[in-house]
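Asker: See protein27.cif below, with mmCIF, C-alpha atoms.
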```
data_model
#
loop_
_atom_site.label_atom_id
_atom_site.label_comp_id
_atom_site.auth_asym_id
_atom_site.auth_seq_id
_atom_site.Cartn_x
_atom_site.Cartn_y
_atom_site.Cartn_z
CA MET A 69 -66.39 -174.02 56.90
CA ILE A 70 -63.92 -173.50 54.02
CA GLU A 71 -65.59 -176.29 52.05
CA GLY A 72 -68.96 -174.63 52.71
CA PHE A 73 -67.63 -171.32 51.38
CA LYS A 74 -66.29 -173.10 48.29
CA MET A 75 -69.65 -174.73 47.57
CA GLU A 76 -71.52 -171.43 48.09
CA PHE A 77 -69.16 -169.63 45.71
CA ILE A 78 -69.37 -172.35 43.07
CA SER A 79 -73.16 -172.26 43.35
CA LEU A 80 -73.08 -168.48 42.92
CA LEU A 81 -70.90 -168.76 39.81
CA GLY A 82 -73.12 -171.51 38.44
CA PHE A 83 -76.01 -169.07 38.13
CA SER A 84 -74.21 -165.80 37.49
CA TRP A 85 -71.31 -166.79 35.23
CA PRO A 86 -72.91 -165.43 32.01
CA MET A 87 -73.28 -161.96 33.58
CA ILE A 88 -69.75 -162.13 35.01
CA ALA A 89 -68.24 -163.36 31.71
CA ILE A 90 -69.89 -160.60 29.67
CA GLY A 91 -68.94 -157.94 32.23
CA VAL A 92 -65.32 -159.13 32.38
CA ILE A 93 -64.97 -159.31 28.57
CA ILE A 94 -66.36 -155.78 28.16
CA ALA A 95 -64.13 -154.44 30.97
CA ILE A 96 -60.99 -156.07 29.54
CA LEU A 97 -61.72 -154.83 26.00
CA LEU A 98 -62.30 -151.27 27.18
CA ARG A 99 -59.28 -151.28 29.48
CA VAL A 100 -56.87 -152.76 26.92
CA THR A 101 -58.12 -150.31 24.28
CA TYR A 102 -57.62 -147.42 26.73
CA LEU A 103 -54.07 -148.54 27.59
CA VAL A 104 -53.07 -149.02 23.92
CA VAL A 105 -54.67 -145.85 22.55
CA ASN A 106 -53.28 -143.68 25.36
CA LYS A 107 -49.90 -145.49 25.37
CA LYS A 108 -50.18 -146.29 29.09
CA LYS A 109 -48.02 -148.86 30.84
CA LEU A 110 -49.72 -152.13 31.79
CA ILE A 111 -49.28 -152.86 35.50
CA LEU A 112 -50.65 -156.38 35.81
CA HIS A 113 -51.42 -156.44 39.55
CA GLU A 114 -53.31 -153.13 39.28
CA GLU A 115 -55.35 -154.44 36.35
CA LEU A 116 -56.14 -157.72 38.13
CA PHE A 117 -57.23 -155.77 41.20
CA LYS A 118 -59.60 -153.66 39.07
CA LEU A 119 -60.92 -156.82 37.43
CA CYS A 120 -61.55 -158.35 40.86
CA PHE A 121 -63.53 -155.24 41.80
CA ILE A 122 -65.76 -155.64 38.73
CA ILE A 123 -66.29 -159.36 39.45
CA TYR A 124 -67.06 -158.53 43.10
CA ILE A 125 -69.67 -155.90 42.16
CA LEU A 126 -71.34 -158.30 39.70
CA CYS A 127 -71.43 -161.09 42.32
CA LEU A 128 -72.75 -158.65 44.93
CA PHE A 129 -75.48 -157.54 42.51
CA TYR A 130 -76.49 -161.16 41.93
CA VAL A 131 -76.51 -162.07 45.63
CA VAL A 132 -78.60 -159.08 46.73
CA THR A 133 -81.10 -159.10 43.86
CA TYR A 134 -81.55 -162.67 42.61
CA GLN A 135 -80.40 -165.10 45.26
CA ASP A 136 -82.91 -165.00 48.10
CA VAL A 137 -81.15 -166.36 51.17
CA SER A 138 -83.51 -164.98 53.80
CA TRP A 139 -85.33 -167.29 56.23
CA SER A 140 -87.40 -164.63 57.98
CA SER A 141 -89.59 -161.55 57.53
CA HIS A 142 -88.57 -157.89 57.64
CA ASN A 143 -86.49 -156.89 60.66
CA TYR A 144 -86.30 -153.28 61.85
CA ILE A 145 -85.01 -154.08 65.36
CA PRO A 146 -81.20 -154.08 65.76
CA PHE A 147 -79.63 -157.40 66.88
CA LYS A 148 -82.91 -159.31 66.57
CA GLU A 149 -81.70 -161.50 63.68
CA ILE A 150 -78.14 -161.66 65.01
CA LEU A 151 -79.40 -163.16 68.29
CA ARG A 152 -82.04 -165.32 66.63
CA TYR A 153 -79.74 -168.30 66.09
CA ASP A 154 -77.93 -170.30 68.77
CA PHE A 155 -74.37 -169.08 69.26
CA GLY A 156 -72.02 -171.45 67.44
CA SER A 157 -74.68 -172.95 65.16
CA SER A 158 -74.07 -173.07 61.41
CA LEU A 159 -76.91 -170.59 60.78
CA PHE A 160 -75.38 -168.20 63.35
CA TYR A 161 -72.02 -168.27 61.55
CA LYS A 162 -73.64 -168.08 58.13
CA ASN A 163 -75.64 -165.01 59.14
CA ILE A 164 -72.85 -163.20 61.02
CA PHE A 165 -69.81 -164.04 58.92
CA GLY A 166 -71.70 -164.22 55.65
CA ASN A 167 -72.89 -160.62 55.93
CA MET A 168 -69.52 -159.39 57.17
CA LEU A 169 -67.58 -161.24 54.46
CA LEU A 170 -69.97 -159.87 51.84
CA PHE A 171 -68.70 -156.34 52.53
CA LEU A 172 -65.09 -157.07 53.53
CA PRO A 173 -63.86 -156.75 49.90
CA TYR A 174 -65.84 -153.51 49.61
CA GLY A 175 -63.82 -152.01 52.47
CA ILE A 176 -60.59 -153.12 50.76
CA PHE A 177 -61.65 -151.51 47.47
CA ILE A 178 -62.67 -148.29 49.26
CA ALA A 179 -59.23 -148.12 50.92
CA LYS A 180 -57.42 -148.83 47.64
CA TYR A 181 -59.29 -146.47 45.33
CA VAL A 182 -60.52 -143.65 47.56
CA LYS A 183 -57.25 -143.58 49.53
CA LEU A 184 -58.85 -142.63 52.83
CA ASP A 185 -57.37 -142.51 56.30
CA ASN A 186 -60.70 -141.68 57.93
CA THR A 187 -62.58 -144.72 59.26
CA PHE A 188 -65.74 -142.64 59.75
CA ILE A 189 -65.99 -141.93 56.00
CA VAL A 190 -65.63 -145.66 55.31
CA PHE A 191 -68.43 -146.22 57.84
CA VAL A 192 -70.64 -143.69 56.00
CA ILE A 193 -69.90 -145.13 52.54
CA SER A 194 -70.52 -148.71 53.73
CA PHE A 195 -73.68 -147.66 55.57
CA ILE A 196 -75.18 -145.83 52.58
CA THR A 197 -74.33 -148.72 50.23
CA SER A 198 -75.78 -151.37 52.55
CA LEU A 199 -78.88 -149.27 53.31
CA SER A 200 -79.42 -148.83 49.55
CA ILE A 201 -79.18 -152.59 49.06
CA GLU A 202 -81.69 -153.29 51.84
CA VAL A 203 -84.16 -150.66 50.55
CA ILE A 204 -83.92 -152.04 47.01
CA GLN A 205 -84.41 -155.58 48.34
CA PHE A 206 -87.54 -154.34 50.13
CA LEU A 207 -88.82 -152.70 46.93
CA ILE A 208 -88.35 -155.87 44.86
CA GLY A 209 -90.12 -158.08 47.40
CA ARG A 210 -87.14 -159.38 49.32
CA VAL A 211 -86.47 -158.99 53.03
CA PHE A 212 -85.23 -155.77 54.68
CA ASP A 213 -82.99 -156.54 57.67
CA VAL A 214 -81.35 -153.81 59.77
CA ASP A 215 -78.91 -156.40 61.15
CA ASP A 216 -77.60 -157.00 57.64
CA ILE A 217 -76.72 -153.30 57.52
CA LEU A 218 -74.87 -153.50 60.87
CA LEU A 219 -72.90 -156.57 59.79
CA ASN A 220 -72.16 -155.18 56.32
CA VAL A 221 -70.78 -151.98 57.83
CA ILE A 222 -68.57 -153.97 60.23
CA GLY A 223 -67.33 -156.01 57.25
CA GLY A 224 -66.58 -152.84 55.26
CA ILE A 225 -64.61 -151.32 58.16
CA LEU A 226 -62.71 -154.60 58.72
CA GLY A 227 -61.76 -154.71 55.02
CA PHE A 228 -60.57 -151.11 55.21
CA LEU A 229 -58.45 -151.82 58.31
CA ILE A 230 -57.00 -155.01 56.77
CA TYR A 231 -55.92 -153.04 53.70
CA LYS A 232 -54.38 -150.27 55.81
CA VAL A 233 -52.35 -152.81 57.84
CA PHE A 234 -51.29 -154.60 54.64
CA LYS A 235 -50.26 -151.28 53.03
CA LYS A 236 -48.24 -150.22 56.08
CA PHE A 237 -46.47 -153.60 56.05
CA SER A 238 -45.83 -153.61 52.27
CA ASP A 239 -44.47 -150.04 52.31
CA LYS A 240 -41.72 -151.19 54.70
CA LEU A 241 -40.56 -154.07 52.52
CA PRO A 242 -37.08 -153.81 50.99
CA GLY A 243 -36.47 -152.64 47.38
CA PHE A 244 -37.35 -155.61 45.13
CA PHE A 245 -40.49 -156.41 47.14
CA GLN A 246 -41.93 -153.01 46.26
CA LYS A 247 -41.40 -153.39 42.51
CA ASP A 248 -44.36 -153.94 40.19
CA ILE A 249 -42.91 -157.24 38.91
CA PHE A 250 -42.96 -158.72 42.43
CA TRP A 251 -46.61 -157.73 42.96
CA ASP A 252 -47.47 -158.96 39.45
CA ILE A 253 -46.12 -162.41 40.36
CA ILE A 254 -47.93 -162.40 43.72
CA SER A 255 -51.24 -161.33 42.14
CA VAL A 256 -51.01 -164.03 39.43
CA LEU A 257 -50.26 -166.66 42.10
CA VAL A 258 -53.19 -165.49 44.26
CA PHE A 259 -55.55 -165.28 41.29
CA GLY A 260 -54.41 -168.69 40.02
CA GLY A 261 -54.63 -170.17 43.52
CA PHE A 262 -58.21 -168.98 43.87
CA ILE A 263 -59.16 -170.53 40.51
CA TRP A 264 -57.46 -173.80 41.58
CA PHE A 265 -59.34 -173.67 44.89
CA LEU A 266 -62.65 -173.50 43.02
CA VAL A 267 -61.89 -176.48 40.75
CA PRO A 268 -63.74 -179.56 42.10
#
```
Would you mind writing the file out in structure tokens?
Answerer:
Amino acid sequence: MIEGFKMEFISLLGFSWPMIAIGVIIAILLRVTYLVVNKKKLILHEELFKLCFIIYILCLFYVVTYQDVSWSSHNYIPFKEILRYDFGSSLFYKNIFGNMLLFLPYGIFIAKYVKLDNTFIVFVISFITSLSIEVIQFLIGRVFDVDDILLNVIGGILGFLIYKVFKKFSDKLPGFFQKDIFWDIISVLVFGGFIWFLVP
């Protein structure tokens, strides 16, 4: 399953890397200029997190507008597509976990930047975003699937809850482990590890 995820992600980057590269270069130039001109302190892990958000949005845009992964027609009946595949089959997992994983980072970013404690608001934000995606897919000739909305919302809420648990845990760490330098090192290791994971 991990190898399948790796191949899917590499395939995604293979088609969308020019858009991602241009977006990242523009974002870095603007951010560095802002920090220098306004004499702001560079906090590496915060900047890497923001960069990850930009990359995520660009990948999400590509997946929902260019990469047609649908195998069916429009679905307006809840759970119809979820129950379409045999439980435990690769298509079942791809449909269920793929749609949930697609929005899991979104829930993390909502928790980080909006600083909410209200799960219902995360539900509303995830729902509106996913509904917008499905409507736009319908308008550009792709498939509208109500089950995608359900699974996206679950993924968004899971991401939010994961971040809240992580934050509660990290806030209880002793002194050094709450310093920016510690989180800078961790973020570089995670970022570097992900790049290493993608190398064939």
Asker: With all atoms listed in the file as the atoms that count, which of A:Lys162, A:Arg99, A:Lys240, A:Lys183 lies nearest to Leu116 of chain A?
Answerer: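 Looking only at the distances to Leu116 of chain A, the closest residue turns out to be A:Arg99.
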Asker: The PyMOL selection byres ((chain A and resi 247-249) around 12) - which residues does that actually catch in the file I just gave you? List them as a PDB file with C-alpha atoms, in the frame of the given file.
Answerer:
```pdb
ATOM      1  CA  LYS A 109     -48.020-148.860  30.840  1.00  0.00           C
ATOM      2  CA  LEU A 110     -49.720-152.130  31.790  1.00  0.00           C
ATOM      3  CA  ILE A 111     -49.280-152.860  35.500  1.00  0.00           C
ATOM      4  CA  LEU A 112     -50.650-156.380  35.810  1.00  0.00           C
ATOM      5  CA  HIS A 113     -51.420-156.440  39.550  1.00  0.00           C
ATOM      6  CA  GLU A 114     -53.310-153.130  39.280  1.00  0.00           C
ATOM      7  CA  GLU A 115     -55.350-154.440  36.350  1.00  0.00           C
ATOM      8  CA  SER A 238     -45.830-153.610  52.270  1.00  0.00           C
ATOM      9  CA  ASP A 239     -44.470-150.040  52.310  1.00  0.00           C
ATOM     10  CA  LEU A 241     -40.560-154.070  52.520  1.00  0.00           C
ATOM     11  CA  PRO A 242     -37.080-153.810  50.990  1.00  0.00           C
ATOM     12  CA  GLY A 243     -36.470-152.640  47.380  1.00  0.00           C
ATOM     13  CA  PHE A 244     -37.350-155.610  45.130  1.00  0.00           C
ATOM     14  CA  PHE A 245     -40.490-156.410  47.140  1.00  0.00           C
ATOM     15  CA  GLN A 246     -41.930-153.010  46.260  1.00  0.00           C
ATOM     16  CA  PHE A 250     -42.960-158.720  42.430  1.00  0.00           C
ATOM     17  CA  TRP A 251     -46.610-157.730  42.960  1.00  0.00           C
ATOM     18  CA  ASP A 252     -47.470-158.960  39.450  1.00  0.00           C
ATOM     19  CA  ILE A 253     -46.120-162.410  40.360  1.00  0.00           C
ATOM     20  CA  ILE A 254     -47.930-162.400  43.720  1.00  0.00           C
ATOM     21  CA  SER A 255     -51.240-161.330  42.140  1.00  0.00           C
ATOM     22  CA  VAL A 256     -51.010-164.030  39.430  1.00  0.00           C
TER      23      VAL A 256
END
```
Asker: Grab the atom CA of Val211 of chain A to atom CA of Cys120 of chain A distance for me, in Å with one decimal place.
Answerer: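 These atoms are spaced 27.7 Å apart.
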Asker: Calculated over all atoms listed in the file, which of the candidates A:Phe234, A:Phe228, A:Phe262, A:Tyr134 has the smallest distance to Asn186 of chain A?
Answerer: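 For Asn186 of chain A, the nearest of the candidates is A:Phe228.
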Asker: Counting all atoms listed in the file, which of A:Ile230, A:Val132, A:Leu98, A:Leu169 gets nearest to Glu202 of chain A?
Answerer: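 Checking each of A:Ile230, A:Val132, A:Leu98, A:Leu169 against Glu202 of chain A, counting all atoms listed in the file, the winner is A:Val132.
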Asker: Rank nothing, just name the residue among A:Trp264, A:Tyr153, A:Phe177, A:Phe121 nearest to Ala95 of chain A, using only C-alpha atoms.
Answerer: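 Once distances to Ala95 of chain A are computed over only C-alpha atoms, the minimum belongs to A:Phe121.
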Asker: If we count all atoms listed in the file and set the cut-off at 8 Å, which residues sit around Ile123 of chain A, ignoring sequence neighbours fewer than 2 positions away in its own chain? Please answer as a VMD selection string.
Answerer: chain A and resid 88 91 to 92 119 to 121 125 to 127
Asker: Mind dumping the selected residues with C-alpha atoms as a PDB file, in the frame of the given file?
Answerer:
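Output file again.pdb follows:
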```pdb
ATOM      1  CA  ILE A  88     -69.750-162.130  35.010  1.00  0.00           C
ATOM      2  CA  GLY A  91     -68.940-157.940  32.230  1.00  0.00           C
ATOM      3  CA  VAL A  92     -65.320-159.130  32.380  1.00  0.00           C
ATOM      4  CA  LEU A 119     -60.920-156.820  37.430  1.00  0.00           C
ATOM      5  CA  CYS A 120     -61.550-158.350  40.860  1.00  0.00           C
ATOM      6  CA  PHE A 121     -63.530-155.240  41.800  1.00  0.00           C
ATOM      7  CA  ILE A 125     -69.670-155.900  42.160  1.00  0.00           C
ATOM      8  CA  LEU A 126     -71.340-158.300  39.700  1.00  0.00           C
ATOM      9  CA  CYS A 127     -71.430-161.090  42.320  1.00  0.00           C
TER      10      CYS A 127
END
```
Asker: Give me, please, the distance in Å between atom CA of Arg152 of chain A and atom CA of Asp213 of chain A, quoted to one decimal.
Answerer: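 Going from atom CA of Arg152 of chain A over to atom CA of Asp213 of chain A covers 12.6 Å.
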Asker: Could you write out as number ranges by chain the residues that the PyMOL selection byres ((chain A and resi 185) around 12) matches in the shown file?
Answerer: A: 178-184, 186-191, 225, 228-229, 231-233, 235-236
Asker: From the set A:Leu97, A:Ile196, A:Val214, A:Leu103, which residue has the shortest atom-to-atom contact distance to Ile150 of chain A, counting all atoms listed in the file?
Answerer: A:Val214
Asker: Could you give me the axis-aligned bounding box of segment 88-102 of chain A, with 8 Å of padding per side, as centre plus edge lengths in Å to one decimal, as lines of an AutoDock Vina configuration file?
Answerer:
```
center_x = -63.4
center_y = -155.4
center_z = 29.6
size_x = 29.0
size_y = 31.9
size_z = 26.7
```
Asker: Here is a test: counting only C-alpha atoms, which residue of A:Ile164, A:Lys108, A:Phe77, A:Tyr130 is nearest to Glu149 of chain A?
Answerer: A:Ile164
Asker: Expressed in Å to a single decimal, how great is the separation between atom CA of Val221 of chain A and atom CA of Ser198 of chain A?
Answerer: 7.3 Å
